[in-house]
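Enquirer: Provided herewith: work-v3.tsv, TSV, C-alpha atoms.
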```tsv
chain	number	residue	atom	x	y	z
T	1	MET	CA	-7.88	9.77	-10.99
T	2	GLN	CA	-11.57	9.38	-10.45
T	3	THR	CA	-13.84	8.71	-7.51
T	4	ASN	CA	-14.78	5.05	-7.28
T	5	THR	CA	-18.50	4.35	-7.08
T	6	ALA	CA	-18.33	0.57	-7.60
T	7	THR	CA	-20.83	-1.40	-5.55
T	8	SER	CA	-21.01	-5.04	-4.59
T	9	ARG	CA	-23.06	-7.43	-6.66
T	10	GLN	CA	-22.79	-10.03	-3.91
T	11	PRO	CA	-22.53	-9.65	-0.14
T	12	VAL	CA	-19.06	-8.67	1.03
T	13	GLY	CA	-17.36	-11.41	3.02
T	14	GLY	CA	-16.25	-11.34	6.65
T	15	PRO	CA	-12.96	-11.20	8.54
T	16	GLU	CA	-12.13	-14.85	7.80
T	17	SER	CA	-11.84	-14.01	4.07
T	18	PHE	CA	-10.43	-10.50	4.61
T	19	PHE	CA	-13.85	-9.27	3.43
T	20	ILE	CA	-13.62	-10.80	-0.05
T	21	ARG	CA	-16.94	-12.31	-1.15
T	22	SER	CA	-17.75	-16.00	-0.69
T	23	GLY	CA	-16.48	-18.26	-3.48
T	24	TYR	CA	-13.28	-16.36	-4.24
T	25	SER	CA	-10.08	-18.45	-4.12
T	26	SER	CA	-6.87	-16.90	-2.80
T	27	ARG	CA	-3.39	-18.37	-2.96
T	28	ASP	CA	-1.92	-19.74	0.25
T	29	HIS	CA	1.68	-19.16	-0.87
T	30	VAL	CA	3.55	-16.88	-3.26
T	31	GLU	CA	7.22	-16.57	-4.04
T	32	TYR	CA	9.24	-13.58	-2.86
T	33	PHE	CA	8.54	-10.58	-5.08
T	34	LEU	CA	11.85	-9.31	-6.44
T	35	ASP	CA	11.26	-5.74	-7.57
T	36	GLU	CA	13.08	-5.78	-10.90
T	37	THR	CA	11.35	-3.13	-12.93
T	38	ASP	CA	10.92	-2.67	-16.67
T	39	ASP	CA	12.13	0.88	-17.34
T	40	THR	CA	9.70	1.26	-20.24
T	41	VAL	CA	6.62	1.10	-17.96
T	42	THR	CA	5.99	2.86	-14.66
T	43	TRP	CA	3.48	1.06	-12.48
T	44	GLN	CA	1.11	3.10	-10.31
T	45	PRO	CA	2.69	6.32	-11.65
T	46	ASP	CA	0.41	8.69	-9.73
T	47	VAL	CA	0.54	7.19	-6.23
T	48	TYR	CA	3.76	8.83	-5.06
T	49	PRO	CA	2.98	12.26	-6.55
T	50	TYR	CA	-0.39	12.03	-4.79
T	51	THR	CA	1.43	11.16	-1.55
T	52	ALA	CA	3.79	14.12	-1.95
T	53	ALA	CA	0.88	16.48	-2.57
T	54	ARG	CA	-0.89	15.27	0.57
T	55	ALA	CA	2.35	15.62	2.56
T	56	GLU	CA	2.68	19.24	1.47
T	57	GLU	CA	-0.95	19.96	2.33
T	58	LEU	CA	-0.53	18.41	5.77
T	59	GLY	CA	2.82	20.03	6.49
T	60	ARG	CA	4.78	16.78	6.67
T	61	ASP	CA	8.33	16.21	5.44
T	62	VAL	CA	8.90	12.51	6.21
T	63	VAL	CA	7.69	9.72	3.91
T	64	ILE	CA	7.49	6.19	5.32
T	65	ASP	CA	7.18	3.64	2.50
T	66	ILE	CA	5.77	0.29	3.66
T	67	GLY	CA	6.87	-2.43	1.23
T	68	CYS	CA	9.19	-0.13	-0.68
T	69	GLY	CA	10.70	-2.78	-2.97
T	70	ARG	CA	13.72	-1.26	-4.68
T	71	ALA	CA	12.27	2.19	-4.00
T	72	GLY	CA	12.54	3.56	-7.52
T	73	LYS	CA	9.52	5.83	-7.14
T	74	LEU	CA	10.69	6.88	-3.68
T	75	ALA	CA	14.02	7.84	-5.27
T	76	SER	CA	12.15	10.01	-7.79
T	77	LEU	CA	10.33	11.68	-4.91
T	78	ALA	CA	13.63	12.30	-3.16
T	79	GLY	CA	14.91	14.00	-6.29
T	80	GLU	CA	11.95	16.37	-6.26
T	81	HIS	CA	11.99	16.98	-2.49
T	82	PRO	CA	15.64	16.51	-1.42
T	83	ALA	CA	15.12	18.15	1.99
T	84	TRP	CA	12.57	15.55	3.08
T	85	THR	CA	13.39	12.40	5.04
T	86	TYR	CA	12.64	8.99	3.52
T	87	ILE	CA	12.22	5.67	5.33
T	88	GLY	CA	11.79	2.46	3.33
T	89	VAL	CA	10.47	-0.72	4.92
T	90	ASP	CA	10.86	-4.14	3.29
T	91	PHE	CA	12.94	-7.30	3.66
T	92	GLY	CA	15.25	-9.62	1.78
T	93	ASP	CA	17.00	-8.82	-1.49
T	94	ASN	CA	14.93	-5.69	-2.15
T	95	LEU	CA	16.07	-4.12	1.12
T	96	ILE	CA	19.69	-5.14	0.54
T	97	TRP	CA	19.54	-3.51	-2.89
T	98	CYS	CA	18.19	-0.27	-1.39
T	99	ARG	CA	20.96	-0.13	1.19
T	100	ASP	CA	23.59	-0.70	-1.49
T	101	ASN	CA	22.19	1.73	-4.06
T	102	HIS	CA	20.17	4.47	-2.35
T	103	PRO	CA	22.15	6.85	-0.13
T	104	PHE	CA	19.19	9.16	0.48
T	105	GLY	CA	17.05	7.00	2.80
T	106	GLU	CA	16.89	4.96	5.97
T	107	TRP	CA	16.16	1.32	5.18
T	108	ILE	CA	14.43	-0.86	7.77
T	109	GLU	CA	14.18	-4.62	7.34
T	110	VAL	CA	10.82	-5.96	8.53
T	111	ASP	CA	8.72	-9.00	7.63
T	112	LEU	CA	5.37	-7.39	6.90
T	113	GLU	CA	3.50	-10.57	7.82
T	114	SER	CA	4.83	-10.81	11.36
T	115	ALA	CA	6.11	-7.44	12.62
T	116	GLU	CA	4.15	-5.69	15.37
T	117	ARG	CA	5.74	-2.24	15.21
T	118	LEU	CA	8.50	-0.33	13.43
T	119	PRO	CA	11.72	0.93	15.05
T	120	ILE	CA	11.32	4.53	13.88
T	121	ASP	CA	12.14	7.60	15.98
T	122	PRO	CA	8.78	8.95	17.29
T	123	SER	CA	9.78	12.48	16.32
T	124	LEU	CA	10.06	11.35	12.68
T	125	VAL	CA	6.72	9.55	12.81
T	126	ARG	CA	5.03	12.76	13.96
T	127	ARG	CA	6.37	14.53	10.85
T	128	SER	CA	5.37	11.75	8.47
T	129	ILE	CA	2.91	10.50	5.92
T	130	VAL	CA	2.77	6.77	5.10
T	131	VAL	CA	2.53	5.16	1.67
T	132	CYS	CA	1.89	1.48	0.96
T	133	SER	CA	1.65	1.06	-2.80
T	134	ASP	CA	0.48	-2.26	-4.27
T	135	VAL	CA	1.85	-4.33	-1.40
T	136	ILE	CA	-1.22	-5.69	0.41
T	137	GLU	CA	-2.14	-8.06	-2.42
T	138	HIS	CA	1.24	-9.83	-2.09
T	139	LEU	CA	0.66	-10.82	1.57
T	140	VAL	CA	-0.90	-14.11	2.66
T	141	ASN	CA	-1.91	-12.36	5.88
T	142	PRO	CA	-2.31	-8.60	5.36
T	143	MET	CA	-3.36	-7.86	8.94
T	144	PRO	CA	0.14	-7.30	10.44
T	145	ALA	CA	0.94	-4.75	7.70
T	146	LEU	CA	-2.35	-2.95	8.31
T	147	SER	CA	-1.60	-3.03	12.04
T	148	LEU	CA	1.82	-1.46	11.40
T	149	ILE	CA	0.20	1.34	9.41
T	150	ARG	CA	-2.46	1.89	12.04
T	151	GLY	CA	0.26	2.02	14.70
T	152	LEU	CA	2.09	4.77	12.81
T	153	LEU	CA	-1.13	6.79	12.64
T	154	GLN	CA	-1.64	6.29	16.36
T	155	GLU	CA	1.89	7.59	16.95
T	156	GLY	CA	1.16	10.78	15.02
T	157	SER	CA	1.61	10.14	11.29
T	158	ALA	CA	-0.77	12.43	9.40
T	159	ALA	CA	-2.35	9.91	7.02
T	160	ALA	CA	-1.67	6.82	4.92
T	161	VAL	CA	-1.92	6.44	1.16
T	162	LEU	CA	-2.78	2.90	0.01
T	163	SER	CA	-3.09	1.37	-3.42
T	164	THR	CA	-4.06	-2.11	-4.59
T	165	PRO	CA	-5.61	-3.57	-7.76
T	166	ALA	CA	-9.33	-3.01	-8.29
T	167	ARG	CA	-10.54	-6.50	-9.16
T	168	GLU	CA	-13.75	-5.27	-10.74
T	169	CYS	CA	-11.70	-3.27	-13.26
T	170	ARG	CA	-9.20	-6.02	-14.10
T	171	SER	CA	-10.52	-9.58	-14.06
T	172	GLY	CA	-14.12	-8.72	-13.13
T	173	TYR	CA	-15.99	-8.55	-9.86
T	174	ASP	CA	-17.23	-12.16	-10.08
T	175	THR	CA	-13.93	-13.78	-11.09
T	176	PRO	CA	-13.32	-16.89	-8.97
T	177	GLY	CA	-9.62	-16.18	-8.36
T	178	PRO	CA	-6.80	-16.56	-7.70
T	179	PRO	CA	-5.32	-13.52	-9.52
T	180	ARG	CA	-3.66	-13.87	-12.89
T	181	ASN	CA	-0.51	-12.31	-11.43
T	182	PRO	CA	1.24	-15.26	-9.70
T	183	SER	CA	2.82	-12.96	-7.10
T	184	HIS	CA	-0.61	-11.78	-5.89
T	185	VAL	CA	-2.32	-13.76	-3.14
T	186	ARG	CA	-5.71	-12.11	-3.68
T	187	GLU	CA	-7.22	-9.01	-5.26
T	188	TRP	CA	-10.06	-7.06	-3.66
T	189	ALA	CA	-12.95	-5.34	-5.34
T	190	SER	CA	-13.18	-1.75	-4.14
T	191	ASP	CA	-16.12	-2.27	-1.78
T	192	GLU	CA	-14.40	-5.30	-0.21
T	193	PHE	CA	-11.13	-3.47	0.39
T	194	GLN	CA	-12.91	-0.52	1.93
T	195	ALA	CA	-14.78	-2.92	4.25
T	196	LEU	CA	-11.45	-4.45	5.30
T	197	LEU	CA	-9.98	-1.04	6.07
T	198	ARG	CA	-12.96	0.11	8.11
T	199	ALA	CA	-12.94	-3.14	10.09
T	200	SER	CA	-9.21	-2.63	10.70
T	201	GLY	CA	-9.75	0.72	12.41
T	202	PHE	CA	-9.27	3.16	9.53
T	203	GLU	CA	-11.39	6.07	8.40
T	204	ILE	CA	-11.43	6.51	4.63
T	205	HIS	CA	-10.91	10.13	3.61
T	206	TYR	CA	-10.73	9.44	-0.13
T	207	ALA	CA	-11.28	6.37	-2.31
T	208	GLY	CA	-10.97	6.41	-6.07
T	209	LEU	CA	-9.28	4.84	-9.07
T	210	THR	CA	-5.89	5.70	-10.47
T	211	ARG	CA	-3.73	4.54	-13.36
T	212	SER	CA	-2.22	1.07	-13.08
T	213	ASP	CA	0.59	2.06	-15.45
T	214	ASP	CA	1.66	4.85	-17.78
T	215	ALA	CA	1.46	2.71	-20.91
T	216	SER	CA	-2.22	1.76	-21.00
T	217	ASN	CA	-3.32	4.62	-18.70
T	218	GLY	CA	-6.23	2.43	-17.59
T	219	LEU	CA	-7.87	3.35	-14.28
T	220	SER	CA	-7.72	-0.07	-12.62
T	221	THR	CA	-5.89	0.54	-9.33
T	222	GLN	CA	-7.58	1.58	-6.10
T	223	LEU	CA	-6.15	4.68	-4.44
T	224	LEU	CA	-7.15	5.52	-0.88
T	225	LEU	CA	-6.25	8.12	1.71
T	226	VAL	CA	-6.96	6.91	5.23
T	227	GLY	CA	-6.64	8.06	8.81
T	228	LEU	CA	-7.69	6.60	12.14
T	229	GLY	CA	-11.28	5.74	12.78
T	230	GLU	CA	-12.97	7.76	15.52
T	231	ALA	CA	-12.52	5.10	18.21
T	232	GLU	CA	-8.88	4.55	17.23
T	233	GLY	CA	-8.19	8.27	17.23
T	234	GLU	CA	-9.38	8.59	20.80
T	235	GLN	CA	-6.72	6.22	22.08
T	236	PRO	CA	-3.85	7.85	24.01
```
Here is a file; write its structure as structure tokens.

Expert:
Amino acid sequence: MQTNTATSRQPVGGPESFFIRSGYSSRDHVEYFLDETDDTVTWQPDVYPYTAARAEELGRDVVIDIGCGRAGKLASLAGEHPAWTYIGVDFGDNLIWCRDNHPFGEWIEVDLESAERLPIDPSLVRRSIVVCSDVIEHLVNPMPALSLIRGLLQEGSAAAVLSTPARECRSGYDTPGPPRNPSHVREWASDEFQALLRASGFEIHYAGLTRSDDASNGLSTQLLLVGLGEAEGEQP
């Protein structure tokens, strides 16, 4: 992992474009992302180990995975930390698969583009850290998912780990979009995504680049550790 020092070559956009620069084209629809993985490649291999390390530092033993897919990496984490509690959040076939195949977790079905809060025991939230790994780019409207994460932090979760592609490292900062991956609605450059997070009430504790996969080992995925912004943190 390395600290990301990428800067904008054009002014960052505003809330209407989720802070992506003017001229970028996003998709207005994507098909459901069925998390059928290729066992020869692990995507974002360092995000969950990073999450576990932060959980240990912060004294937390509950991991809440927003957009868990089929939760393969969460299952690996459960193998390394069997005494922890794991909560996966997703919907559709991915969530059904988790319930049928993963006995270690609690699986909550939620549409990440419409839900306002999660039905999780407050005592578990206060022992938790949140991870949302390469999910935001799949959402036509990412604001409800960011609101869910912010709500968990307000309820006492220690921090949230987020990852998403770094457009400047993949297709180039000035690419017109939409992304080459047909399941991605949009991809943010690092400065744009950080602007979105700050405007959404988060304080960024760390922002850097991590491996997209363990085959190429290229550092082309954004990795961020966030908490509540000062104003948000003052709320009761």

Enquirer: Just how far from atom CA of T:Val63 is atom CA of T:Thr210, in Å to one decimal?

Expert: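 Computing the Euclidean distance for atom CA of T:Thr210 and atom CA of T:Val63 yields 20.2 Å.
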
Enquirer: Would you kindly return, as a list in words, each protein, DNA or RNA residue with an atom no farther than 10 Å from any atom of T:Pro122, considering all atoms listed in the file and excluding same-chain residues fewer than 6 positions away?

Expert: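 Non-adjacent residues within range: Ser128, Leu152, Glu155, Gly156 and Ser157 of chain T.
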
Enquirer: Deliver the residues from the most recent selection as a file, using C-alpha atoms, as a compact mmCIF listing (two decimals), in the frame of the given file.

Expert:
```txt
# COMPACT_ATOMS: atom_id res chain seq x y z
CA SER T 128 5.37 11.75 8.47
CA LEU T 152 2.09 4.77 12.81
CA GLU T 155 1.89 7.59 16.95
CA GLY T 156 1.16 10.78 15.02
CA SER T 157 1.61 10.14 11.29
```

Enquirer: Neighbouring residues of T:Asn181 were defined as those with any atom within 12 Å, considering all atoms listed in the file; residues of the same chain fewer than 2 positions away were excluded. Please report them as a ChimeraX atom specification.

Expert: /T:26-27,30-31,33,137-138,165,167,170-171,177-179,183-187

Enquirer: So the first atom is atom CA of T:Arg211 and the second is atom CA of T:Arg21; what is the distance between them in Å, to one decimal place?

Expert: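 Straight-line distance from atom CA of T:Arg211 to atom CA of T:Arg21 works out to 24.6 Å.
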
Enquirer: Could you check the closest approach to T:Leu153 for each of T:Glu80, T:Glu192, T:Asp134, T:Glu203 and tell me which residue wins, using all atoms listed in the file?

Expert: T:Glu203

Enquirer: Determine the nearest neighbour of T:Ala115 from the options T:Ile20, T:Leu148, T:Val226, T:Ala195, counting all atoms listed in the file.

Expert: T:Leu148

Enquirer: Got a sec: who's within 12 Å of stretch 53-61 of chain T, counting all atoms listed in the file, leaving out chain neighbours fewer than 5 positions off, as a PDB file with C-alpha atoms, in the coordinates of the input?

Expert:
```pdb
ATOM      1  CA  ASP T  46       0.410   8.690  -9.730  1.00  0.00           C
ATOM      2  CA  VAL T  47       0.540   7.190  -6.230  1.00  0.00           C
ATOM      3  CA  TYR T  48       3.760   8.830  -5.060  1.00  0.00           C
ATOM      4  CA  LEU T  77      10.330  11.680  -4.910  1.00  0.00           C
ATOM      5  CA  ALA T  78      13.630  12.300  -3.160  1.00  0.00           C
ATOM      6  CA  GLU T  80      11.950  16.370  -6.260  1.00  0.00           C
ATOM      7  CA  HIS T  81      11.990  16.980  -2.490  1.00  0.00           C
ATOM      8  CA  PRO T  82      15.640  16.510  -1.420  1.00  0.00           C
ATOM      9  CA  ALA T  83      15.120  18.150   1.990  1.00  0.00           C
ATOM     10  CA  TRP T  84      12.570  15.550   3.080  1.00  0.00           C
ATOM     11  CA  THR T  85      13.390  12.400   5.040  1.00  0.00           C
ATOM     12  CA  TYR T  86      12.640   8.990   3.520  1.00  0.00           C
ATOM     13  CA  ILE T  87      12.220   5.670   5.330  1.00  0.00           C
ATOM     14  CA  SER T 123       9.780  12.480  16.320  1.00  0.00           C
ATOM     15  CA  LEU T 124      10.060  11.350  12.680  1.00  0.00           C
ATOM     16  CA  VAL T 125       6.720   9.550  12.810  1.00  0.00           C
ATOM     17  CA  ARG T 126       5.030  12.760  13.960  1.00  0.00           C
ATOM     18  CA  ARG T 127       6.370  14.530  10.850  1.00  0.00           C
ATOM     19  CA  SER T 128       5.370  11.750   8.470  1.00  0.00           C
ATOM     20  CA  ILE T 129       2.910  10.500   5.920  1.00  0.00           C
ATOM     21  CA  VAL T 130       2.770   6.770   5.100  1.00  0.00           C
ATOM     22  CA  VAL T 131       2.530   5.160   1.670  1.00  0.00           C
ATOM     23  CA  GLY T 156       1.160  10.780  15.020  1.00  0.00           C
ATOM     24  CA  SER T 157       1.610  10.140  11.290  1.00  0.00           C
ATOM     25  CA  ALA T 158      -0.770  12.430   9.400  1.00  0.00           C
ATOM     26  CA  ALA T 159      -2.350   9.910   7.020  1.00  0.00           C
ATOM     27  CA  ALA T 160      -1.670   6.820   4.920  1.00  0.00           C
ATOM     28  CA  VAL T 161      -1.920   6.440   1.160  1.00  0.00           C
ATOM     29  CA  HIS T 205     -10.910  10.130   3.610  1.00  0.00           C
ATOM     30  CA  TYR T 206     -10.730   9.440  -0.130  1.00  0.00           C
ATOM     31  CA  LEU T 224      -7.150   5.520  -0.880  1.00  0.00           C
ATOM     32  CA  LEU T 225      -6.250   8.120   1.710  1.00  0.00           C
ATOM     33  CA  VAL T 226      -6.960   6.910   5.230  1.00  0.00           C
TER      34      VAL T 226
END
```
